[in-house]
Amino acid sequence: MNLSGLAGFENTFMQLALAGLLLLAPIVAIMGVHAVQMRMAFFSDAISHSVFAGVAISLLFNVHPQWTMPLFGLLIGIAIMAIRRASTLSTDTVIAVTFSAVVAFGLAIISRNPGITRELPRFLYGDILTVDTAGLIRLAVCLVGVIVLQVIGGNRLLYIGISPVLAAAHGIAVRRYQYLYAALLALVIINALWAVGVLLVTALLVVPAAAARNLAASTRGLFWWSFAISASSSVIGLVLSAQPWARTASGPTILLCAFTWFLFSLAANRSRIH
Amino acid sequence: MTDTCVNFDRVNVTRNGITILESVSASVPRGSCTAVVGPNGAGKTTLLLALLGQIPYRGTIRLDAPGSNSMPRIGYVPQRLPVDRGMPITVLDLMVMGHARRPLWCGISRIHRDRALHWLSCVHASTLAKRALGVLSGGEWQRILLALALQQEPDLLLLDEPAAGIDLRGEHLLCELMESVRERHGFTQLMVSHDLATVTHHASHVILLNRSVIAAGKPADVLVPHFLSIAFGLHMGVAAAPWLHTSREGSDR
């Protein structure tokens, strides 16, 4: 694909951003469908907000946040799943309690170091244009992980999403797949934060899947619509944001494109029902 | 090899300090159609969930597979399955997702499609294959869940209120369907029901439960005024015998 003729795409950072978004599109499309079907959208919010605690721990132990953020995100993802399985509390209550605890812990530690607070907007809003080759490699690893999970248990995850009790009765290792999915989702979210930041990363995951749910007529269609919406929103959003007349932030522009898809899907779904 | 498929031995379930099952001891004869009956809150569904390992319990539940030491294959038909009505998952997708490794977004192989259609035809539901789960009626859902359970080729088929939410005709059709499939495939059937008329017509063994076992045995020996009055209260015991054999009104969906 030759986009160098378009404004902004002669720059290497734009080309890297495009490559990153095209790697991210199938990842969020697939993981998003499962998140919507398993009602785990709020879960991804808790993971993304754990980034504050990840940064706080990096300060406490003097390690680079690049290591503490994914590790802590992974830990929180597995912890939420463990509490959810063991407790009679509803999932949203479990997530809300964990969510508040990690954000409070992170902000409490960060507030003691005024220097780091200047870095916070980077996590809050993200910046697609800062992706480097190492970031692309991490995304490629995530994509491989998602594909492997799909091959060994994508259909099983859908079954668990319908009813964990029914799936377990019919011989599916529910616990194993739930933990695998939670761990992979945590890693995907932490690695997607650079694109749109803590505030919008859940939307990146959920909006294409939610729009696809309105447009598809089968499970197969659900995944392909989700991918088409995710990829097209990424490319169109990045191109639009780079135009001199727009000059908007890339992440929010991409999500506005996805949201436009969602509005279209609502209208299409309504006309299909009537 | 024993002649029982399931044996409950002093099973106790307590939740939040409330005793739901108290020293339940009973057995399910192999090849039988066993019904667990009792009033609301008697612990019928809890007994099934304990059997499925979904809730903690004290005591022993022993499952014996025919002719081997392995665990029997279980097919389970739940009472209700809350589905996201807008999710575009079709009946065929649901039938395949528990068996096929190839992700559904890559399409369904002919082998898995044919296998799913075979079990759907067994419950007279082939025409529902392309239908979305969200638009199925109560009776259609029960048949799909039955096909899903039969697809496991179970040694033990567990049903939780299989007739809940369907009309009288649908209920009889479902029971006859289950009987004919059971005759062909020879599995043991354990169903939870509050409907004494259905149980009288279709079960070969009954466990009458109200937190603990009141009586167990053939329907004619168990569903008698004496035991029914203990399980359901005096009024039910007196009234039971006449209405056990009469029809009742039902409502669709």
# chains A, B, ... in the order shown; residues from 1 in each chain; ligands from 1

$ residues_around --residues "A:Ile110" --least-positions-apart "4" --cutoff "10 Å" --atoms "only C-alpha atoms" --output "VMD selection string"
chain A and resid 52 to 53 55 to 57 59 to 60 104 to 106 114 to 117 120

$ write_last_selection --atoms "all heavy atoms" --output "compact mmCIF listing (two decimals), in the first residue's frame"
# COMPACT_ATOMS: atom_id res chain seq x y z
N PHE A 52 -1.61 3.02 36.21
CA PHE A 52 -1.15 3.96 37.24
C PHE A 52 -0.37 3.22 38.32
O PHE A 52 0.68 3.67 38.78
CB PHE A 52 -2.34 4.69 37.88
CG PHE A 52 -3.09 5.56 36.91
CD1 PHE A 52 -4.41 5.28 36.60
CD2 PHE A 52 -2.48 6.65 36.31
CE1 PHE A 52 -5.11 6.08 35.70
CE2 PHE A 52 -3.17 7.45 35.41
CZ PHE A 52 -4.48 7.16 35.11
N ALA A 53 -0.91 2.07 38.73
CA ALA A 53 -0.23 1.28 39.75
C ALA A 53 1.08 0.72 39.18
O ALA A 53 2.08 0.62 39.89
CB ALA A 53 -1.13 0.15 40.22
N VAL A 55 3.01 2.17 37.00
CA VAL A 55 3.99 3.27 37.04
C VAL A 55 4.46 3.49 38.49
O VAL A 55 5.65 3.68 38.75
CB VAL A 55 3.36 4.56 36.47
CG1 VAL A 55 4.29 5.75 36.66
CG2 VAL A 55 3.05 4.38 34.99
N ALA A 56 3.51 3.41 39.44
CA ALA A 56 3.86 3.61 40.84
C ALA A 56 4.88 2.56 41.30
O ALA A 56 5.87 2.88 41.96
CB ALA A 56 2.60 3.52 41.70
N ILE A 57 4.66 1.32 40.90
CA ILE A 57 5.58 0.25 41.31
C ILE A 57 6.95 0.45 40.67
O ILE A 57 7.99 0.22 41.28
CB ILE A 57 4.99 -1.12 40.94
CG1 ILE A 57 3.82 -1.40 41.87
CG2 ILE A 57 6.01 -2.24 41.05
CD1 ILE A 57 3.04 -2.63 41.54
N LEU A 59 8.30 3.22 40.14
CA LEU A 59 8.97 4.25 40.94
C LEU A 59 9.51 3.66 42.24
O LEU A 59 10.64 3.94 42.65
CB LEU A 59 7.98 5.37 41.29
CG LEU A 59 7.58 6.30 40.14
CD1 LEU A 59 6.43 7.20 40.58
CD2 LEU A 59 8.77 7.14 39.71
N LEU A 60 8.67 2.83 42.87
CA LEU A 60 9.06 2.25 44.16
C LEU A 60 10.30 1.37 44.02
O LEU A 60 11.18 1.37 44.87
CB LEU A 60 7.91 1.41 44.74
CG LEU A 60 6.73 2.18 45.33
CD1 LEU A 60 5.63 1.22 45.75
CD2 LEU A 60 7.18 3.03 46.51
N ALA A 104 -6.31 4.12 43.10
CA ALA A 104 -5.97 4.87 44.32
C ALA A 104 -4.51 4.62 44.70
O ALA A 104 -3.77 5.56 45.01
CB ALA A 104 -6.90 4.44 45.45
N PHE A 105 -4.09 3.36 44.63
CA PHE A 105 -2.70 3.02 44.98
C PHE A 105 -1.73 3.74 44.03
O PHE A 105 -0.75 4.37 44.46
CB PHE A 105 -2.51 1.50 44.89
CG PHE A 105 -1.09 1.05 44.97
CD1 PHE A 105 -0.38 1.14 46.16
CD2 PHE A 105 -0.44 0.55 43.85
CE1 PHE A 105 0.95 0.74 46.23
CE2 PHE A 105 0.88 0.14 43.91
CZ PHE A 105 1.58 0.24 45.11
N GLY A 106 -2.02 3.66 42.75
CA GLY A 106 -1.15 4.29 41.75
C GLY A 106 -1.05 5.79 41.96
O GLY A 106 0.05 6.36 42.02
N PRO A 114 6.28 14.55 42.10
CA PRO A 114 5.69 15.52 41.17
C PRO A 114 6.27 15.39 39.75
O PRO A 114 5.59 15.66 38.78
CB PRO A 114 6.04 16.87 41.78
CG PRO A 114 6.39 16.59 43.20
CD PRO A 114 6.89 15.20 43.26
N GLY A 115 7.52 14.93 39.65
CA GLY A 115 8.16 14.83 38.34
C GLY A 115 7.39 13.91 37.40
O GLY A 115 7.24 14.20 36.21
N ILE A 116 6.87 12.83 37.96
CA ILE A 116 6.23 11.82 37.10
C ILE A 116 4.84 12.26 36.64
O ILE A 116 4.33 11.79 35.64
CB ILE A 116 6.16 10.45 37.83
CG1 ILE A 116 5.91 9.30 36.84
CG2 ILE A 116 5.07 10.42 38.87
CD1 ILE A 116 7.12 8.88 36.10
N THR A 117 4.22 13.17 37.39
CA THR A 117 2.86 13.58 37.02
C THR A 117 2.85 14.23 35.63
O THR A 117 1.83 14.21 34.94
CB THR A 117 2.26 14.55 38.04
OG1 THR A 117 3.18 15.60 38.24
CG2 THR A 117 1.94 13.87 39.35
N LEU A 120 1.92 11.73 33.05
CA LEU A 120 0.60 11.09 33.06
C LEU A 120 -0.23 11.31 31.80
O LEU A 120 -0.89 10.38 31.35
CB LEU A 120 -0.19 11.54 34.29
CG LEU A 120 0.20 10.82 35.60
CD1 LEU A 120 -0.71 11.27 36.74
CD2 LEU A 120 0.13 9.32 35.44

$ closest_atom_pairs --of "chain B" --to "chain A" --cutoff "6 Å" --atoms "only C-alpha atoms" --output "Markdown table"
| residue | atom | partner | partner_atom | distance |
| --- | --- | --- | --- | --- |
| B:Met87 | CA | A:Arg213 | CA | 5.9 |
| B:Pro88 | CA | A:Ser218 | CA | 4.9 |
| B:Ile89 | CA | A:Thr219 | CA | 5.1 |
| B:Thr90 | CA | A:Ser218 | CA | 5.8 |
| B:Met97 | CA | A:Asn155 | CA | 4.8 |
| B:Gly98 | CA | A:Arg156 | CA | 5.9 |
| B:Pro103 | CA | A:Asn155 | CA | 5.8 |
| B:Leu104 | CA | A:Arg220 | CA | 5.5 |
| B:Trp105 | CA | A:Arg220 | CA | 4.0 |

$ closest_residue --among "B:Ala35, B:Leu120, B:Asp160, B:Ser229" --to "B:Thr200" --atoms "only C-alpha atoms"
B:Ala35

$ residues_around --residues "A:Arg85" --least-positions-apart "5" --cutoff "10 Å" --atoms "only C-alpha atoms" --output "list in words"
Ala79, Ile80, Ser90, Thr91, Arg175 and Gln178 of chain A

$ atom_distance --atom1 "atom CA of B:Asp114" --atom2 "atom CA of B:Leu94"
13.8 Å

$ decode --residues "stretch 88-111 of chain A" --atoms "N, CA, C and O atoms" --output "compact mmCIF listing (two decimals), in the first residue's frame"
# COMPACT_ATOMS: atom_id res chain seq x y z
N THR A 88 -19.24 -14.66 45.52
CA THR A 88 -20.63 -14.61 45.07
C THR A 88 -21.01 -13.20 44.62
O THR A 88 -22.13 -12.96 44.19
N LEU A 89 -20.04 -12.25 44.76
CA LEU A 89 -20.31 -10.88 44.31
C LEU A 89 -20.46 -10.86 42.79
O LEU A 89 -19.88 -11.68 42.09
N SER A 90 -21.24 -9.89 42.29
CA SER A 90 -21.39 -9.79 40.84
C SER A 90 -20.08 -9.29 40.23
O SER A 90 -19.27 -8.64 40.90
N THR A 91 -19.90 -9.61 38.94
CA THR A 91 -18.64 -9.28 38.28
C THR A 91 -18.35 -7.79 38.31
O THR A 91 -17.22 -7.38 38.58
N ASP A 92 -19.38 -6.96 38.05
CA ASP A 92 -19.09 -5.52 38.00
C ASP A 92 -18.68 -4.99 39.36
O ASP A 92 -17.84 -4.09 39.45
N THR A 93 -19.21 -5.58 40.44
CA THR A 93 -18.79 -5.15 41.78
C THR A 93 -17.34 -5.53 42.03
O THR A 93 -16.54 -4.71 42.53
N VAL A 94 -16.98 -6.76 41.66
CA VAL A 94 -15.59 -7.22 41.84
C VAL A 94 -14.63 -6.31 41.08
O VAL A 94 -13.62 -5.86 41.61
N ILE A 95 -15.00 -5.99 39.84
CA ILE A 95 -14.12 -5.16 39.00
C ILE A 95 -14.05 -3.74 39.58
O ILE A 95 -12.96 -3.16 39.67
N ALA A 96 -15.19 -3.20 40.01
CA ALA A 96 -15.20 -1.83 40.53
C ALA A 96 -14.31 -1.72 41.77
O ALA A 96 -13.56 -0.75 41.92
N VAL A 97 -14.36 -2.73 42.64
CA VAL A 97 -13.54 -2.70 43.87
C VAL A 97 -12.06 -2.75 43.49
O VAL A 97 -11.25 -1.94 43.96
N THR A 98 -11.69 -3.67 42.61
CA THR A 98 -10.29 -3.82 42.21
C THR A 98 -9.81 -2.56 41.48
O THR A 98 -8.71 -2.04 41.75
N PHE A 99 -10.65 -2.09 40.58
CA PHE A 99 -10.38 -0.89 39.78
C PHE A 99 -10.03 0.30 40.69
O PHE A 99 -9.00 0.94 40.54
N SER A 100 -10.89 0.56 41.69
CA SER A 100 -10.67 1.71 42.56
C SER A 100 -9.38 1.52 43.36
O SER A 100 -8.62 2.47 43.55
N ALA A 101 -9.15 0.28 43.81
CA ALA A 101 -7.96 0.04 44.64
C ALA A 101 -6.68 0.31 43.84
O ALA A 101 -5.77 0.99 44.34
N VAL A 102 -6.61 -0.18 42.59
CA VAL A 102 -5.36 0.01 41.83
C VAL A 102 -5.16 1.46 41.44
O VAL A 102 -4.03 1.98 41.47
N VAL A 103 -6.25 2.15 41.10
CA VAL A 103 -6.12 3.57 40.73
C VAL A 103 -5.69 4.38 41.95
O VAL A 103 -4.76 5.21 41.88
N ALA A 104 -6.31 4.12 43.10
CA ALA A 104 -5.97 4.87 44.32
C ALA A 104 -4.51 4.62 44.70
O ALA A 104 -3.77 5.56 45.01
N PHE A 105 -4.09 3.36 44.63
CA PHE A 105 -2.70 3.02 44.98
C PHE A 105 -1.73 3.74 44.03
O PHE A 105 -0.75 4.37 44.46
N GLY A 106 -2.02 3.66 42.75
CA GLY A 106 -1.15 4.29 41.75
C GLY A 106 -1.05 5.79 41.96
O GLY A 106 0.05 6.36 42.02
N LEU A 107 -2.20 6.45 42.09
CA LEU A 107 -2.19 7.91 42.21
C LEU A 107 -1.55 8.35 43.52
O LEU A 107 -0.87 9.39 43.57
N ALA A 108 -1.75 7.56 44.60
CA ALA A 108 -1.15 7.92 45.89
C ALA A 108 0.38 7.93 45.77
O ALA A 108 1.03 8.87 46.24
N ILE A 109 0.94 6.92 45.15
CA ILE A 109 2.41 6.85 45.02
C ILE A 109 2.91 7.92 44.05
O ILE A 109 3.89 8.62 44.32
N ILE A 110 2.20 8.06 42.91
CA ILE A 110 2.65 9.01 41.90
C ILE A 110 2.61 10.44 42.45
O ILE A 110 3.49 11.26 42.16
N SER A 111 1.60 10.73 43.28
CA SER A 111 1.47 12.10 43.80
C SER A 111 2.65 12.50 44.68
O SER A 111 2.91 13.68 44.91
